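**Q** Compact mmCIF, C-alpha atoms, file final.txt:
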# COMPACT_ATOMS: atom_id res chain seq x y z
CA MET A 218 22.24 158.86 81.11
CA HIS A 219 19.46 160.98 79.74
CA GLY A 220 18.44 161.08 76.13
CA LYS A 221 18.54 164.11 73.88
CA ILE A 222 16.70 164.61 70.59
CA ILE A 223 16.41 167.57 68.23
CA PHE A 224 13.42 167.85 65.90
CA TYR A 225 13.36 169.96 62.72
CA GLU A 226 10.38 171.29 60.82
CA ASP A 227 11.71 170.26 57.42
CA ARG A 228 13.58 167.34 55.92
CA ASN A 229 17.39 167.31 56.04
CA PHE A 230 17.50 169.15 59.40
CA GLN A 231 16.18 172.41 57.96
CA GLY A 232 13.76 174.95 59.39
CA ARG A 233 13.04 175.72 63.01
CA SER A 234 14.15 173.19 65.60
CA TYR A 235 13.05 171.95 69.01
CA GLU A 236 15.33 170.12 71.43
CA THR A 237 14.16 167.95 74.32
CA SER A 238 15.31 165.33 76.80
CA THR A 239 11.80 164.49 77.99
CA ASP A 240 8.43 163.35 76.68
CA CYS A 241 6.43 165.67 74.43
CA ALA A 242 2.72 164.90 74.07
CA ASP A 243 2.11 167.41 71.28
CA MET A 244 4.87 168.69 68.99
CA ALA A 245 2.47 171.35 67.62
CA SER A 246 3.14 173.41 70.75
CA HIS A 247 6.80 173.73 69.61
CA LEU A 248 6.85 173.27 65.81
CA SER A 249 4.22 173.58 63.07
CA ARG A 250 5.44 170.27 61.61
CA CYS A 251 8.33 167.88 62.12
CA HIS A 252 10.00 165.99 59.27
CA SER A 253 13.56 165.22 60.46
CA CYS A 254 15.43 164.69 63.72
CA LYS A 255 18.76 163.88 65.31
CA VAL A 256 19.05 161.66 68.37
CA GLU A 257 22.20 162.76 70.16
CA SER A 258 21.84 160.23 72.98
CA GLY A 259 19.40 157.68 74.31
CA CYS A 260 16.37 156.12 72.61
CA PHE A 261 12.97 157.62 71.85
CA MET A 262 9.61 156.41 70.61
CA VAL A 263 8.13 158.77 68.03
CA TYR A 264 4.43 158.80 67.14
CA ASP A 265 2.53 160.14 64.15
CA ARG A 266 -0.34 161.42 66.34
CA PRO A 267 -0.41 163.61 69.47
CA ASN A 268 -0.59 162.06 72.95
CA TYR A 269 1.60 159.06 72.05
CA ALA A 270 -0.95 157.62 69.65
CA GLY A 271 -0.92 156.23 66.14
CA ASN A 272 1.99 154.56 64.42
CA GLN A 273 5.10 154.46 66.55
CA TYR A 274 8.74 153.81 65.89
CA LEU A 275 11.82 153.36 68.09
CA ILE A 276 14.74 155.58 67.14
CA LYS A 277 18.20 155.51 68.67
CA LYS A 278 21.32 157.63 68.35
CA GLY A 279 21.65 158.82 64.77
CA GLU A 280 20.34 161.17 62.13
CA TYR A 281 16.94 160.81 60.48
CA SER A 282 16.87 163.25 57.55
CA ASP A 283 13.53 162.06 56.16
CA TYR A 284 11.98 159.52 58.51
CA GLN A 285 8.67 159.73 56.69
CA ARG A 286 10.26 157.67 53.92
CA MET A 287 12.38 155.49 56.24
CA MET A 288 9.60 154.61 58.70
CA GLY A 289 6.59 154.72 56.43
CA PHE A 290 4.82 157.43 58.41
CA GLY A 291 1.96 158.97 56.47
CA ASP A 292 2.48 162.27 58.24
CA CYS A 293 5.08 163.92 60.43
CA ILE A 294 6.03 163.20 64.05
CA ARG A 295 3.38 164.57 66.41
CA SER A 296 4.66 163.31 69.81
CA CYS A 297 7.66 161.57 71.37
CA ARG A 298 8.51 159.65 74.50
CA MET A 299 11.97 159.06 75.94
CA VAL A 300 12.67 155.37 76.61
CA PRO A 301 14.52 155.04 79.91
CA MET A 302 17.29 152.47 79.96
CA HIS A 303 16.54 149.54 82.22
CA LYS A 304 19.45 147.86 84.02
CA GLY A 305 17.60 145.07 85.84
CA SER A 306 15.84 141.89 84.79
CA PHE A 307 13.07 141.64 82.20
CA LYS A 308 9.73 139.91 82.62
CA ILE A 309 6.45 140.12 80.73
CA ARG A 310 3.31 137.97 80.79
CA ILE A 311 1.46 137.86 77.50
CA TYR A 312 -2.11 136.60 77.16
CA GLU A 313 -3.97 135.19 74.21
CA ASN A 314 -7.16 137.15 74.96
CA GLU A 315 -8.03 140.57 76.30
CA ASN A 316 -8.35 141.12 80.07
CA PHE A 317 -5.62 138.55 80.74
CA GLY A 318 -7.72 135.69 79.41
CA GLY A 319 -6.79 132.51 77.59
CA GLN A 320 -3.34 131.03 77.44
CA MET A 321 -0.62 132.92 79.35
CA THR A 322 3.11 132.82 78.59
CA GLU A 323 5.79 134.45 80.71
CA LEU A 324 8.83 135.76 78.86
CA LEU A 325 12.20 136.83 80.22
CA ASP A 326 13.86 137.30 76.83
CA ASP A 327 13.08 138.20 73.22
CA CYS A 328 10.74 135.99 71.19
CA ASP A 329 10.94 136.18 67.39
CA ASN A 330 7.72 134.23 66.78
CA ILE A 331 5.11 134.08 69.55
CA LYS A 332 2.71 131.88 67.56
CA GLU A 333 5.27 129.17 66.73
CA ARG A 334 7.28 129.16 69.95
CA HIS A 335 4.36 129.32 72.38
CA GLN A 336 1.45 127.96 70.28
CA MET A 337 -0.58 131.12 70.93
CA SER A 338 -3.18 132.04 68.33
CA ASP A 339 -3.10 135.71 69.33
CA CYS A 340 -1.76 138.17 71.89
CA GLN A 341 -4.37 140.70 73.06
CA SER A 342 -3.22 141.72 76.56
CA CYS A 343 -0.12 141.68 78.75
CA ASN A 344 1.39 142.57 82.08
CA VAL A 345 4.87 144.11 81.92
CA VAL A 346 6.46 143.15 85.24
CA ASP A 347 10.03 144.34 84.61
CA GLY A 348 11.74 146.30 81.85
CA HIS A 349 10.60 147.99 78.68
CA TRP A 350 9.47 145.98 75.64
CA LEU A 351 8.50 146.37 71.99
CA ILE A 352 5.80 144.10 70.60
CA TYR A 353 5.65 143.71 66.80
CA GLU A 354 2.95 142.93 64.27
CA GLU A 355 5.06 140.38 62.38
CA PRO A 356 7.51 137.63 63.35
CA GLN A 357 11.22 138.48 63.41
CA PHE A 358 10.57 141.93 64.97
CA LYS A 359 9.05 143.46 61.83
CA GLY A 360 5.99 145.53 60.99
CA ARG A 361 4.16 147.97 63.19
CA MET A 362 5.23 148.05 66.82
CA MET A 363 3.96 149.13 70.21
CA TYR A 364 6.06 150.32 73.15
CA LEU A 365 5.22 148.67 76.47
CA ARG A 366 6.30 150.21 79.78
CA PRO A 367 5.84 148.47 83.14
CA GLY A 368 2.14 148.06 83.87
CA GLU A 369 -1.02 146.25 82.80
CA TYR A 370 -2.39 146.36 79.26
CA ARG A 371 -5.86 144.79 79.46
CA ASN A 372 -6.87 145.28 75.84
CA PHE A 373 -4.69 146.32 72.90
CA LYS A 374 -7.86 147.29 70.99
CA ASP A 375 -8.44 150.10 73.52
CA LEU A 376 -5.02 151.43 72.53
CA GLY A 377 -6.04 151.72 68.87
CA TYR A 378 -4.88 148.31 67.63
CA ASP A 379 -8.24 146.89 66.53
CA ASN A 380 -7.23 144.50 63.77
CA LEU A 381 -3.60 143.98 64.67
CA ARG A 382 -2.13 140.65 65.73
CA PHE A 383 1.19 140.79 67.53
CA ASN A 384 3.67 138.06 66.60
CA SER A 385 7.08 138.92 68.12
CA ILE A 386 8.40 140.78 71.14
CA ARG A 387 11.78 142.08 72.29
CA ARG A 388 13.34 143.80 75.25
CA ILE A 389 14.60 147.35 74.94
CA THR A 390 18.15 147.07 76.24
CA ASP A 391 20.91 149.65 76.68
CA SER A 392 21.74 149.46 73.00
CA CYS A 393 18.06 149.80 71.99
So that I can check it, write out the structure of this file as structure tokens.

**A**
Amino acid sequence: MHGKIIFYEDRNFQGRSYETSTDCADMASHLSRCHSCKVESGCFMVYDRPNYAGNQYLIKKGEYSDYQRMMGFGDCIRSCRMVPMHKGSFKIRIYENENFGGQMTELLDDCDNIKERHQMSDCQSCNVVDGHWLIYEEPQFKGRMMYLRPGEYRNFKDLGYDNLRFNSIRRITDSC
């Protein structure tokens, strides 16, 4: 099943709209601004900067009449990425230091507190082997988050997360 999202220039689904079922690296090519949206199906990551950068937030089926207030974005949505649903197993290796250094922990399921459960002082790199994951700034899946697709992430600082420590991680399942 593919996802479908409709973006609106103004709050409360007003103004011009743009509908998509795929990634959009720069909303400015379709709308001058974007302050509300409706997810008709699937899950999407939305970003407050173009090219999938800046603060990001996972949204699932529903209506978001003023997500600036709900998500704490300082600005409007500037890019979005569809999150494909993964039906297989999940596996991620997280590392204490950048470039896969320091202590390594392999996870197959959600972890609400990386520091306590795995005695890791930090998490600065990872290798997503299977599935799609969200890694969070705070324990209990709270705070700023980062979407992780299958692949290697050698240094979270290179992705714009200089002073951020990640403390919990969860799988993105069919229900988001």

**Q** Which residues, written as a list of chain:residue names, have at least one atom at most 6 Å from stretch 246-262 of chain A, with all atoms listed in the file counted and residues fewer than 2 positions away on the same chain left out?

**A** A:Gly220, A:Lys221, A:Ile222, A:Ile223, A:Phe224, A:Tyr225, A:Glu226, A:Asp227, A:Arg228, A:Phe230, A:Met244, A:Tyr274, A:Leu275, A:Ile276, A:Lys277, A:Lys278, A:Gly279, A:Glu280, A:Tyr281, A:Ser282, A:Asp283, A:Cys293, A:Ile294, A:Cys297, A:Arg298, A:Met299, A:Val300

**Q** Take the point (0.4, 137.3, 76.0) in the file's coordinates, draw a sphere of radius 8 Å around it, and report as a list of chain:residue names every protein, DNA or RNA residue with an atom inside or on it, counting all atoms listed in the file.

**A**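 Every polymer residue passing the test: A:Arg310, A:Ile311, A:Tyr312, A:Glu313, A:Asn314, A:Phe317, A:Gln320, A:Met321, A:Thr322, A:Glu323, A:Asp339, A:Cys340, A:Gln341, A:Ser342, A:Cys343.
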
**Q** Please report the interatomic distance between atom CA of A:Gly377 and atom CA of A:Met363 in Å with one decimal.

**A**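 So the answer is 10.4 Å.
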
**Q** Taking (6.6, 139.4, 66.8) in the coordinates of the supplied file, I want to know which residues reach to within 12 Å of it, counting all atoms listed in the file; could you give the answer as a ChimeraX atom specification?

**A** /A:311,327-335,337,339-340,350-363,381-388

**Q** Atom CA of A:Thr239 to atom CA of A:Leu325: how many Å, to one decimal?

**A**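 Separation between atom CA of A:Thr239 and atom CA of A:Leu325: 27.8 Å.
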
**Q** Name the closest residue to A:Tyr269 among the candidates A:Asp375, A:Asp347, A:Asp240, A:Glu315; distances are taken between atoms, counting only C-alpha atoms.

**A**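 The closest residue to A:Tyr269 is A:Asp240.
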
**Q** Go through A:Val345, A:Met302, A:Ala270, A:Cys393 one by one, measure the shortest atom-to-atom distance of each to A:Leu376 using only C-alpha atoms, and give the residue with the smallest value.

**A**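 Checking each candidate against A:Leu376, we get A:Ala270 as the closest.
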
**Q** One decimal, Å: what's the distance from atom CA of A:Leu365 over to atom CA of A:Asn268, could you say?

**A**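 Atom CA of A:Asn268 lies 15.0 Å from atom CA of A:Leu365.
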
**Q** Which residue is closest to A:His219? Choose from A:Gly271, A:Gly368, A:Pro301, A:Gly232 and count all atoms listed in the file.

**A**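 Result for the nearest residue to A:His219: A:Pro301.
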
**Q** Around all the atoms of stretch 358-368 of chain A listed in the file, with 4 Å of room on each side, what axis-aligned box do you get, giving centre and edge lengths in Å to one decimal, as AutoDock Vina command-line options?

**A**
--center_x 6.4 --center_y 146.1 --center_z 72.4 --size_x 16.4 --size_y 16.4 --size_z 30.9

**Q** Point out the residue among A:Leu324, A:Ala242, A:Ile389, A:Val346 with the least atom-to-atom distance to A:Asp265, counting all atoms listed in the file.

**A**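 Counting all atoms listed in the file, the residue closest to A:Asp265 is A:Ala242.
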
**Q** If you count all atoms listed in the file, which residues fall within 9 Å of A:Ala245, apart from same-chain ones fewer than 6 positions away, as a list in words?

**A**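 Returned residues: Cys251, Pro267, Arg295 and Ser296 of chain A.
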
**Q** From the set A:Gln336, A:Ser238, A:Gln273, A:Tyr370, which residue has the shortest atom-to-atom contact distance to A:Ile309, counting only C-alpha atoms?

**A**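 Of the candidates, the smallest distance to A:Ile309 is held by A:Tyr370.
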
**Q** If I only want stretch 339-373 of chain A, can you write it with N, CA and C atoms, as a PDB file, in the first residue's frame?

**A**
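Listed below is the output, out-v3.pdb:
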ATOM      1  N   ASP A 339      26.655   6.828  25.044  1.00  0.00           N
ATOM      2  CA  ASP A 339      26.207   7.629  23.911  1.00  0.00           C
ATOM      3  C   ASP A 339      25.900   6.702  22.742  1.00  0.00           C
ATOM      4  N   CYS A 340      25.314   7.248  21.707  1.00  0.00           N
ATOM      5  CA  CYS A 340      25.046   6.519  20.468  1.00  0.00           C
ATOM      6  C   CYS A 340      25.337   7.488  19.333  1.00  0.00           C
ATOM      7  N   GLN A 341      26.467   7.298  18.640  1.00  0.00           N
ATOM      8  CA  GLN A 341      26.902   8.258  17.622  1.00  0.00           C
ATOM      9  C   GLN A 341      26.966   7.699  16.205  1.00  0.00           C
ATOM     10  N   SER A 342      26.731   6.388  16.035  1.00  0.00           N
ATOM     11  CA  SER A 342      26.702   5.803  14.699  1.00  0.00           C
ATOM     12  C   SER A 342      25.893   4.518  14.753  1.00  0.00           C
ATOM     13  N   CYS A 343      25.460   4.053  13.572  1.00  0.00           N
ATOM     14  CA  CYS A 343      24.693   2.808  13.536  1.00  0.00           C
ATOM     15  C   CYS A 343      24.708   2.206  12.144  1.00  0.00           C
ATOM     16  N   ASN A 344      24.314   0.950  12.093  1.00  0.00           N
ATOM     17  CA  ASN A 344      24.152   0.237  10.840  1.00  0.00           C
ATOM     18  C   ASN A 344      22.757  -0.384  10.872  1.00  0.00           C
ATOM     19  N   VAL A 345      21.859   0.115  10.025  1.00  0.00           N
ATOM     20  CA  VAL A 345      20.512  -0.443   9.938  1.00  0.00           C
ATOM     21  C   VAL A 345      20.582  -1.612   8.964  1.00  0.00           C
ATOM     22  N   VAL A 346      20.432  -2.822   9.501  1.00  0.00           N
ATOM     23  CA  VAL A 346      20.519  -4.031   8.691  1.00  0.00           C
ATOM     24  C   VAL A 346      19.161  -4.343   8.056  1.00  0.00           C
ATOM     25  N   ASP A 347      18.105  -4.312   8.860  1.00  0.00           N
ATOM     26  CA  ASP A 347      16.755  -4.608   8.369  1.00  0.00           C
ATOM     27  C   ASP A 347      15.744  -3.654   8.988  1.00  0.00           C
ATOM     28  N   GLY A 348      14.788  -3.215   8.184  1.00  0.00           N
ATOM     29  CA  GLY A 348      13.687  -2.403   8.684  1.00  0.00           C
ATOM     30  C   GLY A 348      13.995  -0.921   8.696  1.00  0.00           C
ATOM     31  N   HIS A 349      13.017  -0.177   9.167  1.00  0.00           N
ATOM     32  CA  HIS A 349      13.098   1.276   9.299  1.00  0.00           C
ATOM     33  C   HIS A 349      12.914   1.603  10.772  1.00  0.00           C
ATOM     34  N   TRP A 350      13.702   2.561  11.268  1.00  0.00           N
ATOM     35  CA  TRP A 350      13.761   2.865  12.695  1.00  0.00           C
ATOM     36  C   TRP A 350      13.654   4.364  12.934  1.00  0.00           C
ATOM     37  N   LEU A 351      13.235   4.728  14.142  1.00  0.00           N
ATOM     38  CA  LEU A 351      13.295   6.102  14.638  1.00  0.00           C
ATOM     39  C   LEU A 351      14.161   6.089  15.880  1.00  0.00           C
ATOM     40  N   ILE A 352      15.135   6.987  15.926  1.00  0.00           N
ATOM     41  CA  ILE A 352      15.975   7.117  17.113  1.00  0.00           C
ATOM     42  C   ILE A 352      15.655   8.473  17.739  1.00  0.00           C
ATOM     43  N   TYR A 353      15.482   8.473  19.072  1.00  0.00           N
ATOM     44  CA  TYR A 353      14.989   9.650  19.788  1.00  0.00           C
ATOM     45  C   TYR A 353      16.037  10.222  20.729  1.00  0.00           C
ATOM     46  N   GLU A 354      15.919  11.521  20.943  1.00  0.00           N
ATOM     47  CA  GLU A 354      16.800  12.269  21.829  1.00  0.00           C
ATOM     48  C   GLU A 354      16.636  11.849  23.289  1.00  0.00           C
ATOM     49  N   GLU A 355      15.438  11.557  23.719  1.00  0.00           N
ATOM     50  CA  GLU A 355      15.163  11.261  25.117  1.00  0.00           C
ATOM     51  C   GLU A 355      14.674   9.823  25.301  1.00  0.00           C
ATOM     52  N   PRO A 356      14.809   9.289  26.511  1.00  0.00           N
ATOM     53  CA  PRO A 356      14.222   7.968  26.786  1.00  0.00           C
ATOM     54  C   PRO A 356      12.702   7.992  26.569  1.00  0.00           C
ATOM     55  N   GLN A 357      12.122   6.821  26.457  1.00  0.00           N
ATOM     56  CA  GLN A 357      10.673   6.664  26.299  1.00  0.00           C
ATOM     57  C   GLN A 357      10.155   7.247  24.987  1.00  0.00           C
ATOM     58  N   PHE A 358      11.027   7.291  23.949  1.00  0.00           N
ATOM     59  CA  PHE A 358      10.625   7.712  22.604  1.00  0.00           C
ATOM     60  C   PHE A 358      10.099   9.151  22.578  1.00  0.00           C
ATOM     61  N   LYS A 359      10.825  10.046  23.232  1.00  0.00           N
ATOM     62  CA  LYS A 359      10.427  11.453  23.297  1.00  0.00           C
ATOM     63  C   LYS A 359      11.547  12.341  22.769  1.00  0.00           C
ATOM     64  N   GLY A 360      11.198  13.596  22.515  1.00  0.00           N
ATOM     65  CA  GLY A 360      12.178  14.569  22.047  1.00  0.00           C
ATOM     66  C   GLY A 360      12.375  14.495  20.544  1.00  0.00           C
ATOM     67  N   ARG A 361      13.416  15.177  20.096  1.00  0.00           N
ATOM     68  CA  ARG A 361      13.711  15.178  18.662  1.00  0.00           C
ATOM     69  C   ARG A 361      14.023  13.768  18.192  1.00  0.00           C
ATOM     70  N   MET A 362      13.726  13.501  16.922  1.00  0.00           N
ATOM     71  CA  MET A 362      13.924  12.165  16.386  1.00  0.00           C
ATOM     72  C   MET A 362      14.640  12.220  15.045  1.00  0.00           C
ATOM     73  N   MET A 363      15.169  11.070  14.649  1.00  0.00           N
ATOM     74  CA  MET A 363      15.808  10.938  13.350  1.00  0.00           C
ATOM     75  C   MET A 363      15.359   9.618  12.727  1.00  0.00           C
ATOM     76  N   TYR A 364      14.963   9.680  11.467  1.00  0.00           N
ATOM     77  CA  TYR A 364      14.519   8.525  10.697  1.00  0.00           C
ATOM     78  C   TYR A 364      15.734   7.801  10.125  1.00  0.00           C
ATOM     79  N   LEU A 365      15.783   6.496  10.327  1.00  0.00           N
ATOM     80  CA  LEU A 365      16.899   5.689   9.848  1.00  0.00           C
ATOM     81  C   LEU A 365      16.392   4.616   8.885  1.00  0.00           C
ATOM     82  N   ARG A 366      16.841   4.694   7.639  1.00  0.00           N
ATOM     83  CA  ARG A 366      16.528   3.682   6.631  1.00  0.00           C
ATOM     84  C   ARG A 366      17.677   2.681   6.602  1.00  0.00           C
ATOM     85  N   PRO A 367      17.500   1.544   5.938  1.00  0.00           N
ATOM     86  CA  PRO A 367      18.608   0.590   5.851  1.00  0.00           C
ATOM     87  C   PRO A 367      19.861   1.252   5.277  1.00  0.00           C
ATOM     88  N   GLY A 368      20.994   0.996   5.927  1.00  0.00           N
ATOM     89  CA  GLY A 368      22.264   1.568   5.494  1.00  0.00           C
ATOM     90  C   GLY A 368      23.151   1.902   6.672  1.00  0.00           C
ATOM     91  N   GLU A 369      24.312   2.462   6.372  1.00  0.00           N
ATOM     92  CA  GLU A 369      25.299   2.820   7.391  1.00  0.00           C
ATOM     93  C   GLU A 369      25.238   4.311   7.693  1.00  0.00           C
ATOM     94  N   TYR A 370      25.281   4.631   8.968  1.00  0.00           N
ATOM     95  CA  TYR A 370      25.312   6.007   9.448  1.00  0.00           C
ATOM     96  C   TYR A 370      26.572   6.138  10.301  1.00  0.00           C
ATOM     97  N   ARG A 371      27.656   6.609   9.689  1.00  0.00           N
ATOM     98  CA  ARG A 371      28.966   6.631  10.344  1.00  0.00           C
ATOM     99  C   ARG A 371      29.105   7.717  11.404  1.00  0.00           C
ATOM    100  N   ASN A 372      28.348   8.804  11.256  1.00  0.00           N
ATOM    101  CA  ASN A 372      28.515   9.917  12.182  1.00  0.00           C
ATOM    102  C   ASN A 372      27.256  10.779  12.182  1.00  0.00           C
ATOM    103  N   PHE A 373      26.502  10.754  13.264  1.00  0.00           N
ATOM    104  CA  PHE A 373      25.274  11.538  13.340  1.00  0.00           C
ATOM    105  C   PHE A 373      25.568  13.033  13.272  1.00  0.00           C
TER     106      PHE A 373
END
